[in-house]
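Have a look at run-v6.txt below; it lists compact mmCIF, C-alpha atoms.
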# COMPACT_ATOMS: atom_id res chain seq x y z
CA MET Y 22 20.85 -143.06 32.40
CA ILE Y 23 18.43 -140.74 30.61
CA VAL Y 24 14.64 -141.09 30.62
CA LEU Y 25 13.04 -139.73 27.45
CA SER Y 26 9.31 -139.07 27.39
CA GLN Y 27 6.80 -139.30 24.57
CA ARG Y 28 7.15 -135.55 24.07
CA ASP Y 29 10.96 -135.81 23.99
CA VAL Y 30 10.84 -138.47 21.29
CA GLY Y 31 8.41 -136.42 19.21
CA GLU Y 32 10.79 -133.49 19.39
CA LEU Y 33 13.93 -135.48 18.56
CA LEU Y 34 12.82 -138.09 16.01
CA SER Y 35 11.72 -136.54 12.73
CA MET Y 36 9.94 -138.78 10.24
CA ARG Y 37 12.44 -137.92 7.49
CA ASP Y 38 15.41 -138.89 9.66
CA CYS Y 39 13.66 -142.03 10.82
CA ILE Y 40 13.13 -143.24 7.24
CA ASP Y 41 16.88 -142.99 6.66
CA VAL Y 42 17.66 -144.71 9.98
CA MET Y 43 15.29 -147.57 9.09
CA GLY Y 44 16.95 -147.98 5.71
CA ARG Y 45 20.41 -148.41 7.26
CA THR Y 46 19.03 -150.70 9.96
CA LEU Y 47 17.13 -153.08 7.68
CA ALA Y 48 19.96 -153.23 5.16
CA GLY Y 49 22.34 -154.19 7.97
CA LEU Y 50 19.92 -156.83 9.22
CA SER Y 51 19.62 -158.42 5.77
CA ARG Y 52 23.41 -158.45 5.44
CA GLY Y 53 23.57 -160.51 8.64
CA GLU Y 54 25.18 -157.82 10.76
CA SER Y 55 22.54 -157.70 13.50
CA ILE Y 56 21.22 -160.21 16.05
CA LEU Y 57 17.45 -160.55 16.28
CA PRO Y 58 15.66 -163.38 18.12
CA LEU Y 59 11.92 -163.74 17.71
CA ARG Y 60 9.89 -161.70 20.13
CA THR Y 61 8.49 -163.34 23.29
CA ILE Y 62 4.76 -162.85 23.76
CA VAL Y 63 2.80 -163.54 26.93
CA ARG Y 64 -0.88 -163.62 26.05
CA LEU Y 65 -3.15 -162.64 28.92
CA PRO Y 66 -6.07 -164.85 30.05
CA ASN Y 67 -8.63 -162.85 28.05
CA GLY Y 68 -6.91 -164.02 24.85
CA VAL Y 69 -6.81 -160.48 23.41
CA ASP Y 70 -4.30 -158.43 25.39
CA PHE Y 71 -0.62 -159.37 25.57
CA PHE Y 72 2.78 -158.46 26.95
CA ALA Y 73 5.83 -158.64 24.67
CA VAL Y 74 9.59 -158.47 24.98
CA MET Y 75 11.57 -157.69 21.82
CA PRO Y 76 15.37 -157.88 22.30
CA GLY Y 77 18.10 -157.35 19.76
CA TYR Y 78 21.50 -156.05 18.74
CA ASP Y 79 21.83 -153.49 15.98
CA ALA Y 80 25.24 -153.27 14.33
CA ALA Y 81 25.26 -149.87 12.65
CA PRO Y 82 25.79 -148.04 14.92
CA ALA Y 83 26.31 -150.66 17.61
CA ALA Y 84 23.42 -150.74 20.08
CA ILE Y 85 21.93 -153.31 22.45
CA GLY Y 86 18.38 -153.09 23.69
CA ALA Y 87 14.86 -154.36 23.99
CA LYS Y 88 11.38 -153.01 23.59
CA VAL Y 89 9.10 -154.06 26.44
CA LEU Y 90 5.43 -153.33 25.86
CA THR Y 91 1.80 -154.21 26.33
CA VAL Y 92 -0.79 -154.33 23.55
CA PHE Y 93 -4.36 -153.73 24.67
CA PRO Y 94 -6.56 -153.35 21.54
CA GLY Y 95 -9.54 -152.40 23.71
CA ASN Y 96 -7.89 -149.05 24.44
CA HIS Y 97 -9.09 -147.79 21.08
CA ASN Y 98 -11.35 -144.76 21.64
CA THR Y 99 -10.05 -144.28 25.19
CA ASP Y 100 -7.39 -141.96 26.62
CA ARG Y 101 -4.80 -144.76 26.39
CA ASP Y 102 -2.88 -145.99 23.35
CA SER Y 103 -3.22 -149.65 22.45
CA HIS Y 104 0.61 -150.02 22.46
CA GLN Y 105 2.41 -148.85 25.60
CA GLY Y 106 5.89 -149.51 26.92
CA ALA Y 107 9.53 -148.51 26.78
CA VAL Y 108 12.67 -149.16 24.78
CA LEU Y 109 15.62 -150.02 27.03
CA LEU Y 110 18.89 -148.96 25.41
CA PHE Y 111 22.23 -150.30 26.71
CA ASP Y 112 25.78 -149.15 26.05
CA SER Y 113 27.43 -151.63 23.68
CA SER Y 114 30.91 -151.02 25.15
CA ASN Y 115 30.28 -151.56 28.87
CA GLY Y 116 26.71 -152.92 29.13
CA SER Y 117 25.31 -150.07 31.20
CA LEU Y 118 21.71 -148.94 30.79
CA SER Y 119 21.92 -145.74 28.74
CA ALA Y 120 18.30 -144.76 28.28
CA VAL Y 121 14.68 -145.61 28.89
CA VAL Y 122 12.73 -144.26 25.93
CA ASP Y 123 8.96 -144.02 25.51
CA ALA Y 124 7.92 -146.80 23.13
CA THR Y 125 4.56 -145.38 22.06
CA SER Y 126 6.12 -142.56 20.09
CA ILE Y 127 9.02 -144.69 18.82
CA THR Y 128 6.54 -147.28 17.51
CA SER Y 129 4.20 -144.82 15.84
CA ILE Y 130 7.03 -143.05 14.01
CA ARG Y 131 9.25 -145.97 13.03
CA THR Y 132 6.33 -148.12 11.82
CA ALA Y 133 5.25 -145.45 9.35
CA ALA Y 134 8.88 -144.76 8.43
CA VAL Y 135 9.38 -148.42 7.43
CA SER Y 136 6.22 -148.33 5.30
CA ALA Y 137 7.53 -145.18 3.64
CA LEU Y 138 10.87 -146.92 3.03
CA ALA Y 139 9.00 -149.81 1.38
CA THR Y 140 7.00 -147.34 -0.68
CA ARG Y 141 10.18 -145.55 -1.78
CA HIS Y 142 11.65 -148.80 -3.09
CA LEU Y 143 8.57 -150.71 -4.26
CA ALA Y 144 5.89 -148.26 -5.43
CA ARG Y 145 5.79 -146.92 -8.97
CA ALA Y 146 7.71 -143.68 -9.40
CA ASP Y 147 4.48 -141.90 -10.42
CA ALA Y 148 2.35 -143.30 -7.56
CA ASP Y 149 0.35 -140.38 -6.16
CA ASP Y 150 -3.05 -141.74 -5.09
CA LEU Y 151 -2.93 -142.86 -1.44
CA ALA Y 152 -5.61 -145.02 0.18
CA ILE Y 153 -5.61 -145.45 3.96
CA LEU Y 154 -7.70 -148.17 5.64
CA GLY Y 155 -7.83 -147.13 9.28
CA SER Y 156 -8.06 -143.77 11.05
CA GLY Y 157 -5.96 -144.02 14.20
CA VAL Y 158 -2.44 -142.92 15.08
CA GLN Y 159 -0.85 -145.08 12.39
CA ALA Y 160 -3.14 -143.62 9.74
CA ARG Y 161 -1.89 -140.14 10.57
CA THR Y 162 1.79 -141.07 10.70
CA HIS Y 163 1.55 -143.11 7.50
CA ILE Y 164 0.07 -140.19 5.59
CA GLU Y 165 2.90 -137.98 6.85
CA ALA Y 166 5.55 -140.57 5.97
CA ILE Y 167 4.27 -141.56 2.52
CA ALA Y 168 4.10 -137.88 1.54
CA LEU Y 169 7.87 -137.67 2.13
CA VAL Y 170 8.68 -140.32 -0.49
CA ARG Y 171 5.98 -139.70 -3.13
CA LYS Y 172 4.19 -136.55 -4.29
CA VAL Y 173 0.71 -137.39 -3.04
CA ARG Y 174 -2.13 -135.89 -5.07
CA ARG Y 175 -5.10 -137.55 -3.39
CA VAL Y 176 -5.69 -139.14 0.02
CA ARG Y 177 -8.72 -141.37 0.60
CA ILE Y 178 -9.55 -142.64 4.08
CA TRP Y 179 -11.87 -145.36 5.34
CA SER Y 180 -12.60 -146.47 8.88
CA ARG Y 181 -15.10 -148.84 10.43
CA ASP Y 182 -16.20 -145.73 12.32
CA SER Y 183 -17.07 -143.23 9.59
CA THR Y 184 -16.91 -140.28 12.00
CA HIS Y 185 -13.23 -141.02 12.61
CA ALA Y 186 -12.51 -141.10 8.87
CA ARG Y 187 -14.27 -137.76 8.39
CA ALA Y 188 -12.43 -136.21 11.33
CA LEU Y 189 -9.06 -137.26 9.91
CA ALA Y 190 -10.00 -136.01 6.45
CA ASP Y 191 -11.02 -132.66 7.95
CA ALA Y 192 -7.71 -132.43 9.84
CA LEU Y 193 -5.80 -132.93 6.58
CA ALA Y 194 -7.81 -130.41 4.57
CA GLY Y 195 -5.50 -128.10 2.65
CA ARG Y 196 -2.41 -130.30 3.00
CA PHE Y 197 -3.14 -132.24 -0.19
CA PRO Y 198 -5.00 -131.32 -3.39
CA GLU Y 199 -7.77 -133.80 -2.52
CA VAL Y 200 -8.68 -135.52 0.75
CA VAL Y 201 -11.79 -137.72 0.91
CA ALA Y 202 -13.45 -139.84 3.60
CA CYS Y 203 -15.02 -142.84 1.85
CA ALA Y 204 -17.99 -144.96 2.88
CA THR Y 205 -16.45 -148.33 1.96
CA ALA Y 206 -13.01 -149.87 1.81
CA GLU Y 207 -13.57 -150.80 -1.82
CA ALA Y 208 -14.31 -147.20 -2.82
CA THR Y 209 -11.23 -146.07 -0.90
CA VAL Y 210 -8.77 -148.31 -2.73
CA SER Y 211 -10.35 -148.21 -6.20
CA ASP Y 212 -7.50 -147.47 -8.66
CA ALA Y 213 -5.23 -146.35 -5.78
CA SER Y 214 -1.51 -146.61 -6.50
CA ILE Y 215 -0.51 -146.81 -2.81
CA ILE Y 216 -2.60 -148.61 -0.16
CA CYS Y 217 -1.88 -148.80 3.57
CA THR Y 218 -3.87 -151.06 5.89
CA VAL Y 219 -3.41 -149.77 9.45
CA THR Y 220 -6.38 -151.24 11.33
CA SER Y 221 -6.80 -153.43 14.40
CA SER Y 222 -9.05 -155.82 12.48
CA HIS Y 223 -8.54 -159.58 12.76
CA GLN Y 224 -10.49 -160.16 9.53
CA PRO Y 225 -9.56 -158.94 6.04
CA VAL Y 226 -10.48 -155.34 5.28
CA LEU Y 227 -8.76 -155.50 1.88
CA ASN Y 228 -9.59 -158.16 -0.69
CA GLY Y 229 -7.35 -158.99 -3.62
CA ARG Y 230 -10.04 -158.20 -6.18
CA MET Y 231 -10.06 -154.58 -4.96
CA ILE Y 232 -6.38 -153.92 -5.75
CA ALA Y 233 -5.56 -152.26 -9.05
CA ALA Y 234 -2.72 -153.45 -11.24
CA GLY Y 235 0.47 -151.56 -10.45
CA ALA Y 236 -0.47 -150.74 -6.87
CA HIS Y 237 1.85 -150.99 -3.89
CA VAL Y 238 0.33 -152.18 -0.60
CA ASN Y 239 1.71 -151.76 2.94
CA VAL Y 240 0.04 -154.22 5.33
CA VAL Y 241 0.71 -153.12 8.89
CA GLY Y 242 -1.96 -153.94 11.46
CA ALA Y 243 -2.11 -157.70 12.07
CA ALA Y 244 0.76 -159.47 13.85
CA THR Y 245 -0.65 -162.73 15.20
CA PRO Y 246 -1.19 -166.10 13.47
CA LYS Y 247 -5.00 -165.94 13.34
CA ALA Y 248 -5.35 -162.26 12.44
CA ARG Y 249 -5.08 -160.73 8.99
CA GLU Y 250 -6.00 -157.49 7.26
CA VAL Y 251 -5.78 -158.83 3.68
CA ASP Y 252 -7.31 -161.95 2.20
CA THR Y 253 -5.54 -164.83 0.48
CA GLU Y 254 -6.22 -163.47 -3.00
CA ALA Y 255 -4.38 -160.24 -2.14
CA ILE Y 256 -1.30 -162.22 -1.12
CA VAL Y 257 -1.47 -164.55 -4.14
CA ARG Y 258 -1.79 -161.65 -6.60
CA SER Y 259 1.17 -159.76 -5.14
CA ARG Y 260 4.93 -159.96 -5.19
CA LEU Y 261 5.45 -160.31 -1.44
CA PHE Y 262 8.14 -158.48 0.55
CA VAL Y 263 8.66 -158.66 4.33
CA ASP Y 264 10.78 -156.99 6.99
CA ARG Y 265 12.25 -160.35 8.03
CA ARG Y 266 11.60 -163.85 6.68
CA GLU Y 267 11.85 -165.69 10.01
CA SER Y 268 9.32 -163.39 11.65
CA ALA Y 269 7.01 -163.39 8.64
CA LEU Y 270 6.86 -167.19 8.68
CA ALA Y 271 6.16 -167.35 12.44
CA GLU Y 272 3.76 -164.55 13.31
CA PRO Y 273 1.28 -162.91 10.87
CA GLY Y 274 -1.96 -164.50 9.72
CA ASP Y 275 -1.72 -162.45 6.52
CA ILE Y 276 0.97 -164.95 5.42
CA LEU Y 277 0.44 -167.99 7.65
CA LEU Y 278 -3.23 -168.50 6.73
CA PRO Y 279 -2.62 -168.56 2.94
CA ILE Y 280 0.22 -171.04 3.57
CA ALA Y 281 -2.10 -173.22 5.68
CA GLU Y 282 -4.69 -173.08 2.89
CA GLY Y 283 -2.10 -174.29 0.38
CA ALA Y 284 -2.46 -171.12 -1.69
CA ILE Y 285 1.24 -170.18 -1.35
CA THR Y 286 4.46 -171.55 0.08
CA ALA Y 287 7.23 -169.80 1.97
CA ASN Y 288 8.91 -169.22 -1.40
CA HIS Y 289 6.19 -166.70 -2.25
CA ILE Y 290 8.24 -164.21 -0.24
CA VAL Y 291 10.36 -162.43 -2.85
CA ALA Y 292 12.76 -160.67 -0.49
CA GLU Y 293 13.26 -158.83 2.74
CA LEU Y 294 12.95 -155.06 2.41
CA GLY Y 295 16.51 -154.72 3.70
CA GLU Y 296 17.77 -156.88 0.83
CA VAL Y 297 16.15 -154.48 -1.63
CA VAL Y 298 17.55 -151.42 0.16
CA ALA Y 299 21.03 -152.97 0.20
CA GLY Y 300 20.84 -153.85 -3.50
CA LEU Y 301 20.95 -157.59 -2.82
CA ARG Y 302 17.55 -158.31 -4.39
CA ARG Y 303 15.35 -156.58 -6.93
CA GLY Y 304 12.18 -154.76 -5.92
CA ARG Y 305 9.47 -153.77 -8.39
CA GLU Y 306 10.04 -155.25 -11.84
CA SER Y 307 7.18 -153.69 -13.82
CA ASP Y 308 4.61 -150.92 -13.58
CA ALA Y 309 1.79 -153.47 -13.86
CA GLU Y 310 2.67 -155.77 -10.98
CA ILE Y 311 1.24 -155.48 -7.47
CA THR Y 312 3.85 -155.25 -4.71
CA LEU Y 313 2.91 -155.95 -1.10
CA PHE Y 314 5.03 -155.28 1.97
CA LYS Y 315 4.03 -157.08 5.16
CA SER Y 316 5.31 -155.11 8.13
CA LEU Y 317 5.62 -156.73 11.56
CA GLY Y 318 7.91 -154.32 13.39
CA LEU Y 319 11.30 -155.49 14.57
CA ALA Y 320 13.31 -154.89 17.72
CA VAL Y 321 16.29 -153.61 15.73
CA GLU Y 322 14.05 -150.86 14.33
CA ASP Y 323 13.11 -149.74 17.84
CA ILE Y 324 16.69 -149.99 19.07
CA ALA Y 325 18.05 -148.00 16.12
CA ALA Y 326 15.40 -145.32 16.56
CA ALA Y 327 16.10 -145.15 20.31
CA HIS Y 328 19.84 -144.90 19.67
CA HIS Y 329 19.25 -142.00 17.26
CA VAL Y 330 17.04 -140.26 19.81
CA HIS Y 331 19.50 -140.87 22.66
CA THR Y 332 22.40 -139.43 20.66
CA LEU Y 333 20.46 -136.23 19.94
CA ALA Y 334 19.20 -136.01 23.54
CA VAL Y 335 22.72 -136.13 24.95
CA ALA Y 336 23.91 -133.49 22.48
CA ARG Y 337 21.01 -131.16 23.29
CA GLY Y 338 20.75 -131.82 27.03
CA ILE Y 339 17.21 -133.22 26.80
CA GLY Y 340 15.75 -135.82 29.17
CA ALA Y 341 15.70 -136.63 32.87
CA VAL Y 342 18.91 -138.11 34.27
CA VAL Y 343 18.45 -140.97 36.75
CA GLU Y 344 21.15 -142.84 38.68
CA LEU Y 345 20.30 -146.53 38.85
CA GLY Y 346 23.63 -147.91 39.94
CA GLY Y 347 25.87 -150.32 38.10
CA VAL Y 348 29.03 -148.35 38.88
CA ARG Y 349 31.35 -150.24 41.21
CA GLU Y 350 32.10 -148.23 44.30
CA ALA Y 351 35.75 -147.64 45.18
CA HIS Y 352 36.89 -149.12 48.50
CA ALA Y 353 39.63 -147.63 50.63
Write-out of the structure in structure tokens:
Amino acid sequence: MIVLSQRDVGELLSMRDCIDVMGRTLAGLSRGESILPLRTIVRLPNGVDFFAVMPGYDAAPAAIGAKVLTVFPGNHNTDRDSHQGAVLLFDSSNGSLSAVVDATSITSIRTAAVSALATRHLARADADDLAILGSGVQARTHIEAIALVRKVRRVRIWSRDSTHARALADALAGRFPEVVACATAEATVSDASIICTVTSSHQPVLNGRMIAAGAHVNVVGAATPKAREVDTEAIVRSRLFVDRRESALAEPGDILLPIAEGAITANHIVAELGEVVAGLRRGRESDAEITLFKSLGLAVEDIAAAHHVHTLAVARGIGAVVELGGVREAHA
């Protein structure tokens, strides 16, 4: 078994490669080739922090595994990430544990890669004005990822802590023709052609009235039934795409709350992203429509990313080898 650290993953998993891996993975999932139960969540007594287990089987290439992690939102502005854990990767031919891979880096890269994949397939071809609501790790990785699928002319950033937005804007200076830290979310998204919400907010930071016609929106942060980053109007105005229907109808308040209000039904979901990638369903149909992708993060994404990393690690001799057992000893 190989143990791969956060640094190892950063070295082995490029954003460009991860976008391609996510495309193959989600297309396979939508074709019914993978096995993906809903994640199990153990909410801690404080009602905020939780422990999650996300198992699955990815068919192409064959890989079995699970992401095991904790989510502690209060770690924001500390020396700890809010999401911490490991991806356990097993050999699909004999069941042995092949690798333990840092989940923090896997999550930060593959989440942005999936948003970039959605942007590639759903945003207008000329979309070049990127608005980011949030200023943490996912804000940085999303800017990197979106720039790989669209020629970004302007980046605008908003955060509930304005100093964080300014710091991120300063760090990006020179990488894009224009980078601006904005005082309000509304100013940030005004006339933007690509919007990414990557906050830890439980209340909407993006309202439907703010979104310009023709925009594409990636909604990433909220993943529990009572939390949402976008309001009901944003969902109603948009053609809605998800990573997986079953998960989207069980977990995120962005979708569940508008359904509870009677504003939409489950049929408001146009397609899974994998169906669009595989050519099974159509994506954007006009330059004027608003497309919205609700990302939850799926175990098969983590497993596929870990498999890619493990393959490269073995080829390059990277990682710490640990003997855990599982090999039957020979008896005389």
Long-range neighbours of Leu294 (chain Y) as a PyMOL selection string, 6 Å cut-off, all atoms listed in the file, 2 positions minimum in chain: chain Y and resi 263-264+296-297
Could those selected residues go to a file with C-alpha atoms, as a PDB file, in the coordinates of the input?
ATOM      1  CA  VAL Y 263       8.660-158.660   4.330  1.00  0.00           C
ATOM      2  CA  ASP Y 264      10.780-156.990   6.990  1.00  0.00           C
ATOM      3  CA  GLU Y 296      17.770-156.880   0.830  1.00  0.00           C
ATOM      4  CA  VAL Y 297      16.150-154.480  -1.630  1.00  0.00           C
TER       5      VAL Y 297
END
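Surrounding region 189-193 of chain Y within 12 Å are Ala152, Ile153, Leu154, Gly155, Ser156, Gly157, Val158, Gln159, Ala160, Arg161, Thr162, Ile164, Glu165, Arg175, Val176, Arg177, Ile178, Trp179, Ser180, Asp182, Ser183, Thr184, Pro198, Glu199, Val200, Val201, Ala202 and Cys203 of chain Y, with only C-alpha atoms counted and residues fewer than 5 positions along the same chain left out.
Closest to Arg249 (chain Y) among Y:Val219, Y:Val170, Y:Ala134, Y:Leu345 is Y:Val219, based on all atoms listed in the file.
CA of Gly195 (chain Y) lies 15.9 Å from CA of Asp150 (chain Y).
Nearest to Val121 (chain Y) of all the residues Y:Leu33, Y:Val63, Y:Leu25, Y:Ile256 is Y:Leu25, counting only C-alpha atoms.
Near region 332-342 of chain Y, within 6 Å and counting all atoms listed in the file, sit Met22, Ile23, Val24 and Leu25 of chain Y, not including residues fewer than 5 positions from it in the same chain.
Between CA of Ile216 (chain Y) and CA of Gly106 (chain Y) the separation is 28.4 Å.
Proximity to Ala284 (chain Y) was assessed for Y:Leu317, Y:Val298, Y:Ala255, Y:Val69 counting all atoms listed in the file; the smallest distance is recorded for Y:Ala255.
Checking Y:Tyr78, Y:Phe111, Y:Phe262, Y:Phe93 one by one against Ile311 (chain Y), counting all atoms listed in the file, you find the shortest gap at Y:Phe262.
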Using 8 Å as the limit and counting all atoms listed in the file, can you tabulate each residue of region 162-268 of chain Y that touches region 40-61 of chain Y, with its shortest atom-to-atom distance in Å and the two atoms involved, as JSON lines?
{"residue": "Y:Asp264", "atom": "CA", "partner": "Y:Leu47", "partner_atom": "CA", "distance": 7.5}
{"residue": "Y:Arg265", "atom": "CA", "partner": "Y:Ser51", "partner_atom": "CA", "distance": 7.9}
{"residue": "Y:Glu267", "atom": "CA", "partner": "Y:Leu59", "partner_atom": "CA", "distance": 7.9}
{"residue": "Y:Ser268", "atom": "CA", "partner": "Y:Leu59", "partner_atom": "CA", "distance": 6.6}
Shell around region 271-273 of chain Y at 8 Å using all atoms listed in the file, local window under 4 positions removed, as a ChimeraX atom specification: /Y:243-249,267,277,317
Using only C-alpha atoms: which of Y:Val135, Y:Leu301, Y:Ala204, Y:Val343 has the shortest distance to Ser316 (chain Y): Y:Val135
Exercise: residues within 6 Å of coordinate (14.2, -149.8, 23.1), counting all atoms listed in the file, as an MDAnalysis selection string: chainID Y and resid 86:88 108:110 323:324 327
